[in-house]
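A.B. asks: Got a structure for you, written out below as structure tokens; questions coming shortly.
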Amino acid sequence: MPELPEVETVRRGLMPALVGRRLADVAAHRPDLRFPLPDGFAARLRGRRVEDIGRRAKYLLLGLDGNLTLLVHLGMSGRFQVASGNGPLCLHDHVCFVTDDGWSVRFNDPRRFGYMDLIATDRLSGHPMLAGLGPEPLGEDFTGAYLGARLSGRGMALKASLMDQRTVAGMGNIYASESLYRARLSPLRASGSLGAAGVKRLVGAIRSVLVEAIEAGGSTLRNHQRPTGELGCFQHSFAVYDRAGEPCPDCRCDVARTGGIQRAVVAGRATFHCPKRQR
DNA sequence: AACAAGACCTGCATGC
DNA sequence: TGCATGCAGGTCTTGT
């Protein structure tokens, strides 16, 4: 499911329910998500106070008192739901938190590609899932100079490089396609073939697409929703994603002649682009 | 080292 | 209606 804008939306939705609250109860209803939960998972969380909720790439980082961080990845289908009181479990409610003021926060993940781990906060940056990540696309380290150097000399398809979390942290299939469209760059071209102008356009496009998507509350395709149940609405702004055969919104090409937006497969993932506009 | 493909797991849309 | 098939927003692991 979630790429950076969806995870950021979830983070913002969890803050009012959790930050400053103590976890009166924590229950794991199965021993594993994608990987086994760490030993004593629920017991180690119980009674802790949530000090802040951060995000790195697509990971949520719940900072707890006593030097502990709960690291959460939503996988493809993970979501949190916040409710008052503690109602009956729904199918795939795998981990349940109850705060000291009586709210319940539940992690539901049908596909179970999600992931949770506990790590000492002062060793967070060394966590194996975080250690190799590239810069945050909305941070100041993500510059044209950085991206140009990173892509230089690589033959891999440009979109595959963008989805490599070591290149830039948090891009996924949707926003990689949308950013490349906005930068007028083909997802199929070699990563190292960009000039400085192309790299600069790409950095700007990635930033603007992500900022707009966050403002829209992310994209809801199947099951992304905010912890409050509201849906994201950036999917209505997609220029190319999942729009094969439709006209590209900018060049308005004659679909009967050009075929409109094309679907291709890059690094095993569906990829959408306008061959006329994106070179 | 770079890259592709397979694996993980469930739900849903599609077509027969 | 029921069944088989393919596909899905991610990423770790294995193999070339």
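Letters A, B, ... mark the chains of the structure tokens in the order given; residue numbers begin at 1 per chain; ligand numbers begin at 1, in order shown.
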What lies within 6 Å of stretch 104-110 of chain A using only C-alpha atoms (C1' of nucleotides), ignoring chain neighbours under 3 positions off, as an MDAnalysis selection string?

C.D. replies: (chainID A and resid 77:84 86 92:98) or (chainID B and resid 10)

A.B. asks: Keeping only all heavy atoms, write the selected residues as a compact mmCIF listing (two decimals), in the first residue's frame.

C.D. replies:
# COMPACT_ATOMS: atom_id res chain seq x y z
N SER A 77 -0.35 -3.74 2.78
CA SER A 77 -1.77 -3.62 3.15
C SER A 77 -1.97 -3.22 4.61
O SER A 77 -3.09 -3.26 5.10
CB SER A 77 -2.49 -4.95 2.88
OG SER A 77 -1.88 -6.01 3.60
N GLY A 78 -0.89 -2.83 5.29
CA GLY A 78 -1.03 -2.50 6.70
C GLY A 78 -1.71 -1.17 6.93
O GLY A 78 -1.51 -0.22 6.17
N ARG A 79 -2.51 -1.09 7.96
CA ARG A 79 -3.08 0.21 8.33
C ARG A 79 -3.37 0.24 9.82
O ARG A 79 -3.53 -0.79 10.47
CB ARG A 79 -4.32 0.53 7.53
CG ARG A 79 -5.51 -0.32 7.87
CD ARG A 79 -6.62 -0.04 6.86
NE ARG A 79 -7.87 -0.65 7.29
CZ ARG A 79 -8.87 -0.93 6.46
NH1 ARG A 79 -8.74 -0.66 5.18
NH2 ARG A 79 -9.97 -1.47 6.90
N PHE A 80 -3.45 1.45 10.33
CA PHE A 80 -3.81 1.66 11.72
C PHE A 80 -5.21 2.22 11.78
O PHE A 80 -5.60 3.04 10.94
CB PHE A 80 -2.86 2.65 12.39
CG PHE A 80 -1.55 2.05 12.81
CD1 PHE A 80 -0.42 2.20 12.03
CD2 PHE A 80 -1.45 1.34 14.00
CE1 PHE A 80 0.80 1.65 12.42
CE2 PHE A 80 -0.25 0.79 14.40
CZ PHE A 80 0.88 0.95 13.61
N GLN A 81 -5.94 1.80 12.78
CA GLN A 81 -7.25 2.38 13.01
C GLN A 81 -7.38 2.79 14.47
O GLN A 81 -7.06 2.02 15.37
CB GLN A 81 -8.35 1.38 12.65
CG GLN A 81 -8.45 1.21 11.14
CD GLN A 81 -9.43 0.14 10.73
OE1 GLN A 81 -9.29 -1.01 11.12
NE2 GLN A 81 -10.42 0.53 9.95
N VAL A 82 -7.82 4.01 14.65
CA VAL A 82 -7.98 4.57 16.00
C VAL A 82 -9.47 4.61 16.32
O VAL A 82 -10.27 5.02 15.48
CB VAL A 82 -7.41 6.00 16.04
CG1 VAL A 82 -7.70 6.65 17.40
CG2 VAL A 82 -5.91 5.99 15.78
N ALA A 83 -9.82 4.15 17.49
CA ALA A 83 -11.23 4.20 17.91
C ALA A 83 -11.31 4.41 19.41
O ALA A 83 -10.38 4.06 20.14
CB ALA A 83 -11.95 2.90 17.52
N SER A 84 -12.40 4.96 19.84
CA SER A 84 -12.58 5.08 21.28
C SER A 84 -13.11 3.74 21.79
O SER A 84 -13.88 3.07 21.11
CB SER A 84 -13.56 6.20 21.61
OG SER A 84 -14.81 5.92 21.00
N ASN A 86 -12.80 -0.26 23.27
CA ASN A 86 -12.13 -1.47 22.80
C ASN A 86 -13.16 -2.47 22.29
O ASN A 86 -13.59 -3.36 23.01
CB ASN A 86 -11.29 -2.06 23.96
CG ASN A 86 -10.09 -2.83 23.43
OD1 ASN A 86 -9.90 -2.91 22.22
ND2 ASN A 86 -9.30 -3.37 24.32
N HIS A 92 -7.83 -9.85 10.76
CA HIS A 92 -6.50 -9.30 10.49
C HIS A 92 -6.09 -8.15 11.40
O HIS A 92 -5.16 -7.43 11.07
CB HIS A 92 -6.36 -8.86 9.02
CG HIS A 92 -6.75 -9.92 8.04
ND1 HIS A 92 -6.20 -11.18 8.06
CD2 HIS A 92 -7.63 -9.91 7.02
CE1 HIS A 92 -6.74 -11.90 7.09
NE2 HIS A 92 -7.60 -11.15 6.44
N ASP A 93 -6.79 -7.96 12.50
CA ASP A 93 -6.28 -7.04 13.53
C ASP A 93 -5.17 -7.80 14.27
O ASP A 93 -5.44 -8.64 15.12
CB ASP A 93 -7.38 -6.68 14.54
CG ASP A 93 -8.28 -5.55 14.06
OD1 ASP A 93 -7.92 -4.89 13.06
OD2 ASP A 93 -9.32 -5.33 14.68
N HIS A 94 -3.92 -7.52 13.92
CA HIS A 94 -2.83 -8.34 14.46
C HIS A 94 -2.24 -7.80 15.75
O HIS A 94 -1.82 -8.57 16.60
CB HIS A 94 -1.72 -8.48 13.42
CG HIS A 94 -2.17 -9.10 12.13
ND1 HIS A 94 -2.93 -10.24 12.08
CD2 HIS A 94 -1.98 -8.72 10.84
CE1 HIS A 94 -3.19 -10.54 10.81
NE2 HIS A 94 -2.62 -9.63 10.04
N VAL A 95 -2.15 -6.48 15.86
CA VAL A 95 -1.56 -5.89 17.07
C VAL A 95 -2.49 -4.78 17.56
O VAL A 95 -2.90 -3.93 16.77
CB VAL A 95 -0.16 -5.32 16.78
CG1 VAL A 95 0.44 -4.72 18.06
CG2 VAL A 95 0.77 -6.40 16.22
N CYS A 96 -2.81 -4.81 18.85
CA CYS A 96 -3.74 -3.84 19.42
C CYS A 96 -3.09 -3.10 20.57
O CYS A 96 -2.47 -3.71 21.44
CB CYS A 96 -5.00 -4.54 19.94
SG CYS A 96 -5.88 -5.44 18.65
N PHE A 97 -3.23 -1.79 20.54
CA PHE A 97 -2.73 -0.94 21.62
C PHE A 97 -3.94 -0.27 22.27
O PHE A 97 -4.87 0.15 21.58
CB PHE A 97 -1.82 0.16 21.08
CG PHE A 97 -0.68 -0.33 20.22
CD1 PHE A 97 -0.87 -0.56 18.86
CD2 PHE A 97 0.57 -0.57 20.77
CE1 PHE A 97 0.17 -1.01 18.06
CE2 PHE A 97 1.62 -1.02 19.99
CZ PHE A 97 1.42 -1.25 18.62
N VAL A 98 -3.91 -0.16 23.60
CA VAL A 98 -4.93 0.62 24.31
C VAL A 98 -4.21 1.67 25.13
O VAL A 98 -3.26 1.35 25.85
CB VAL A 98 -5.79 -0.29 25.23
CG1 VAL A 98 -6.84 0.55 25.96
CG2 VAL A 98 -6.46 -1.39 24.42
P DT B 10 -2.27 -15.99 4.58
OP1 DT B 10 -2.75 -16.14 5.96
OP2 DT B 10 -2.14 -17.14 3.67
O5' DT B 10 -3.20 -14.92 3.84
C5' DT B 10 -3.51 -13.70 4.47
C4' DT B 10 -4.21 -12.81 3.50
O4' DT B 10 -3.42 -12.65 2.31
C3' DT B 10 -5.57 -13.31 3.03
O3' DT B 10 -6.51 -12.39 3.55
C2' DT B 10 -5.50 -13.30 1.50
C1' DT B 10 -4.28 -12.43 1.22
N1 DT B 10 -3.52 -12.76 -0.01
C2 DT B 10 -3.35 -11.79 -0.97
O2 DT B 10 -3.81 -10.67 -0.86
N3 DT B 10 -2.62 -12.19 -2.06
C4 DT B 10 -2.06 -13.43 -2.28
O4 DT B 10 -1.43 -13.66 -3.30
C5 DT B 10 -2.27 -14.39 -1.23
C7 DT B 10 -1.70 -15.76 -1.36
C6 DT B 10 -2.99 -14.03 -0.16

A.B. asks: For chain A, which residues have at least one atom within 9 Å of chain B, if we go by only C-alpha atoms (C1' of nucleotides)? Write them as a ChimeraX atom specification, please.

C.D. replies: /A:34,110-113,154,156,267-268

A.B. asks: By how many Å are atom CA of A:Cys251 and atom CA of A:Arg279 apart?

C.D. replies: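 Value for the atom CA of A:Cys251-atom CA of A:Arg279 distance: 13.3 Å.
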
A.B. asks: List every residue of stretch 132-165 of chain A that DSSP, applied to the backbone of this structure, places in helix (DSSP H, G or I), and write the result as a PyMOL selection string.

C.D. replies: chain A and resi 144-151+158-163

A.B. asks: From stretch 100-223 of chain A, collect each residue whose DSSP state is strand (DSSP E or B) and return the set as a ChimeraX atom specification.

C.D. replies: /A:103-108,115-120,157,190

A.B. asks: Residues of chain A within 7 Å of chain C: nearest atom pair and distance (Å, one decimal) for each, counting only C-alpha atoms (C1' of nucleotides), sorted by chain and number, as a tab-separated table?

C.D. replies:
residue	atom	partner	partner_atom	distance
A:Met1	CA	C:DG9	C1'	3.3
A:Pro2	CA	C:DG9	C1'	5.2
A:Glu3	CA	C:DG9	C1'	6.6
A:Gly75	CA	C:DG10	C1'	5.5
A:Met76	CA	C:DG9	C1'	5.9
A:Asn173	CA	C:DG9	C1'	6.8

A.B. asks: Please measure the separation of atom CA of A:His273 and atom CA of A:Pro247, giving the value in Å to one decimal.

C.D. replies: 10.5 Å

A.B. asks: Excluding A:Leu221 and any residue of its chain fewer than 2 positions from it, enumerate the residues within 8 Å of it, using only C-alpha atoms (C1' of nucleotides), and give them as a list in words.

C.D. replies: Ser219, Asn223, His224 and Gln235 of chain A; DG9 of chain C

A.B. asks: With N, CA and C atoms (P, O5', C5', C4', C3', O3' and C1' of nucleotides) retained, write the just-selected residues as a tab-separated table (two decimals), in the first residue's frame.

C.D. replies:
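Resulting contents of again-v6.tsv:
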chain	number	residue	atom	x	y	z
A	219	SER	N	-2.76	8.60	-1.29
A	219	SER	CA	-3.62	8.05	-2.33
A	219	SER	C	-4.33	6.82	-1.79
A	223	ASN	N	-6.87	0.19	0.03
A	223	ASN	CA	-7.15	0.21	1.45
A	223	ASN	C	-6.36	1.22	2.26
A	224	HIS	N	-5.70	2.15	1.60
A	224	HIS	CA	-5.06	3.17	2.45
A	224	HIS	C	-6.13	4.03	3.08
A	235	GLN	N	-5.13	10.11	-5.47
A	235	GLN	CA	-5.36	9.25	-6.65
A	235	GLN	C	-6.12	9.98	-7.75
C	9	DG	P	1.62	-2.15	-7.62
C	9	DG	O5'	2.20	-1.14	-6.55
C	9	DG	C5'	1.51	-0.01	-6.18
C	9	DG	C4'	2.20	0.72	-5.07
C	9	DG	C3'	3.00	-0.11	-4.08
C	9	DG	O3'	3.83	0.80	-3.35
C	9	DG	C1'	0.94	0.43	-3.15

A.B. asks: Rank A:Arg277, A:Arg22, A:Arg207, A:Arg56 by their smallest atom-to-atom distance to A:Gln262, using only C-alpha atoms, and report the top residue only.

C.D. replies: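 Smallest separation from A:Gln262 among the options: A:Arg277.
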
A.B. asks: Atom CA of A:Gly63 to atom CA of A:Ala24: how many Å, to one decimal?

C.D. replies: 15.9 Å
